[in-house]
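Structure first, commentary second.
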Amino acid sequence: FIHSTRSFHSDDRQRSLSNHTLLLHATLTFTSHHSPTPTTTTMMMKLFTSALLLVISTTTTSLANAELQSLTTSTWDDATAGKTVFVKFFAPWCGHCKKMAPDWIKLATDFESSTDQLIAEVDCTEEGGKELCDANGVKGFPTLKYGDPNDLQAYQGGRDYATLKSFATDNLKPSCSAAHLDLCDDATRQEIEGYMALDEAELKSKIAGFE
């Protein structure tokens, strides 16, 4: 259900990383066993740099792809059901978004195994993402929101990893909702149960009455 499956299988990631690591190792081995000349030194430095960049790029991309969910209107409900969420609404060209991306990926990795919490992102420039951003009143990038997926609250804190992690740990906890009726007071639980008992036509009629 996750938009644009952004992950390699672990074996594929390892194989790709191993290939680049072997290239890096071969470069170092060649350099250590041959007398350098200005030409070969320049050539080997270029090869060494390319190999190193490939290793770094593969490692970083694999981590990002493996852990961070990018949601759209078609995946939102399934991915967020029963969870308290922390969502980054962003645009790919946004400089501030790019700057905080590594910390956001790291945060998502910390919570990847949670059944009650979700760290995710929404690309406001792509189909299905723009609609979510509009529905949640996103005006600038990045915009961070958290809480009940149906009633997100604006996050106003710092955007470094330590601050984000502390906030998520303290605030991404289950709250009263259809998935957690045991956390609701009696009146709220009865109200939610009443809505859950309605068929689709009745529910649409109720919603229309609020508009």
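Ligands are numbered from 1 in the order shown, residues from 1 within each chain, and chains are lettered A, B, ... in the order they appear in the structure tokens.
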- Message: Just want the 8 Å neighbourhood of Asp116 of chain A, counted on only C-alpha atoms, with same-chain residues fewer than 2 positions away dropped. Output as a PyMOL selection string.
- Response: chain A and resi 82-84+114+118+173-174
Take the residues from that selection and write them out as an mmCIF file, in the first residue's frame, keeping all heavy atoms.
```cif
data_model
loop_
_atom_site.group_PDB
_atom_site.id
_atom_site.type_symbol
_atom_site.label_atom_id
_atom_site.label_comp_id
_atom_site.auth_asym_id
_atom_site.auth_seq_id
_atom_site.Cartn_x
_atom_site.Cartn_y
_atom_site.Cartn_z
ATOM 1 N N GLY A 82 -5.190 3.518 12.740
ATOM 2 C CA GLY A 82 -4.857 3.120 14.102
ATOM 3 C C GLY A 82 -3.554 3.673 14.632
ATOM 4 O O GLY A 82 -3.077 3.239 15.681
ATOM 5 N N LYS A 83 -2.962 4.653 13.940
ATOM 6 C CA LYS A 83 -1.655 5.163 14.345
ATOM 7 C C LYS A 83 -1.701 6.657 14.651
ATOM 8 O O LYS A 83 -2.544 7.394 14.153
ATOM 9 C CB LYS A 83 -0.621 4.900 13.246
ATOM 10 C CG LYS A 83 -0.382 3.426 12.972
ATOM 11 C CD LYS A 83 0.681 3.228 11.918
ATOM 12 C CE LYS A 83 0.926 1.737 11.677
ATOM 13 N NZ LYS A 83 1.968 1.505 10.666
ATOM 14 N N THR A 84 -0.779 7.059 15.500
ATOM 15 C CA THR A 84 -0.511 8.471 15.702
ATOM 16 C C THR A 84 0.657 8.804 14.790
ATOM 17 O O THR A 84 1.657 8.088 14.766
ATOM 18 C CB THR A 84 -0.138 8.758 17.167
ATOM 19 O OG1 THR A 84 -1.179 8.292 18.014
ATOM 20 C CG2 THR A 84 0.057 10.250 17.385
ATOM 21 N N SER A 114 7.224 0.298 14.906
ATOM 22 C CA SER A 114 6.097 0.635 15.772
ATOM 23 C C SER A 114 4.763 0.298 15.106
ATOM 24 O O SER A 114 4.576 0.510 13.905
ATOM 25 C CB SER A 114 6.126 2.130 16.120
ATOM 26 O OG SER A 114 4.965 2.493 16.846
ATOM 27 N N LEU A 118 3.747 6.410 13.306
ATOM 28 C CA LEU A 118 4.207 6.435 11.914
ATOM 29 C C LEU A 118 4.884 7.762 11.614
ATOM 30 O O LEU A 118 4.316 8.831 11.857
ATOM 31 C CB LEU A 118 3.037 6.241 10.957
ATOM 32 C CG LEU A 118 3.367 6.387 9.460
ATOM 33 C CD1 LEU A 118 4.270 5.244 8.996
ATOM 34 C CD2 LEU A 118 2.091 6.432 8.623
ATOM 35 N N LYS A 173 1.657 9.236 20.851
ATOM 36 C CA LYS A 173 1.034 8.190 21.657
ATOM 37 C C LYS A 173 -0.413 8.020 21.225
ATOM 38 O O LYS A 173 -1.043 8.967 20.739
ATOM 39 C CB LYS A 173 1.117 8.559 23.136
ATOM 40 C CG LYS A 173 2.552 8.695 23.636
ATOM 41 C CD LYS A 173 2.606 9.134 25.084
ATOM 42 C CE LYS A 173 4.050 9.264 25.561
ATOM 43 N NZ LYS A 173 4.148 9.717 26.969
ATOM 44 N N PRO A 174 -0.949 6.822 21.359
ATOM 45 C CA PRO A 174 -2.349 6.590 20.973
ATOM 46 C C PRO A 174 -3.283 7.556 21.704
ATOM 47 O O PRO A 174 -3.054 7.893 22.873
ATOM 48 C CB PRO A 174 -2.592 5.133 21.399
ATOM 49 C CG PRO A 174 -1.244 4.515 21.418
ATOM 50 C CD PRO A 174 -0.314 5.594 21.876
#
```
Please report as a Markdown table every residue of segment 98-177 of chain A lying within 12 Å of segment 187-194 of chain A, along with the nearest atom pair and their distance in Å (one decimal), using only C-alpha atoms.
```
| residue | atom | partner | partner_atom | distance |
| --- | --- | --- | --- | --- |
| A:Ser175 | CA | A:Thr188 | CA | 11.9 |
| A:Cys176 | CA | A:Arg189 | CA | 8.2 |
| A:Ser177 | CA | A:Ile192 | CA | 7.7 |
```
- Item | Within 9 Å of Thr80 of chain A using only C-alpha atoms, minus same-chain residues under 5 positions, as a PyMOL selection string | chain A and resi 75+85+117-118+148-149
- Any chance you could list, as a PyMOL selection string, the residues in segment 43-207 of chain A that come up strand (DSSP E or B) when DSSP is run on the backbone? chain A and resi 69-70+84-90+117-123+143-148+151-154+177+180
- Between atom CA of Tyr161 of chain A and atom CA of Glu121 of chain A, measure the distance and give it in Å to one decimal.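 Answer for the atom CA of Tyr161 of chain A to atom CA of Glu121 of chain A separation: 15.5 Å.
For the pair atom CA of Lys165 of chain A and atom CA of Glu131 of chain A, the separation is 27.7 Å.
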- Query: atom CA of Cys94 of chain A to atom CA of Gly140 of chain A: how many Å, to one decimal?
  - Reply: 9.5 Å
- Query: Which one is closest to Val87 of chain A: A:Tyr155, A:Tyr146, A:Tyr195, A:Phe141? Count only C-alpha atoms.
  - Reply: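 Nearest candidate to Val87 of chain A out of A:Tyr155, A:Tyr146, A:Tyr195, A:Phe141: A:Tyr146.
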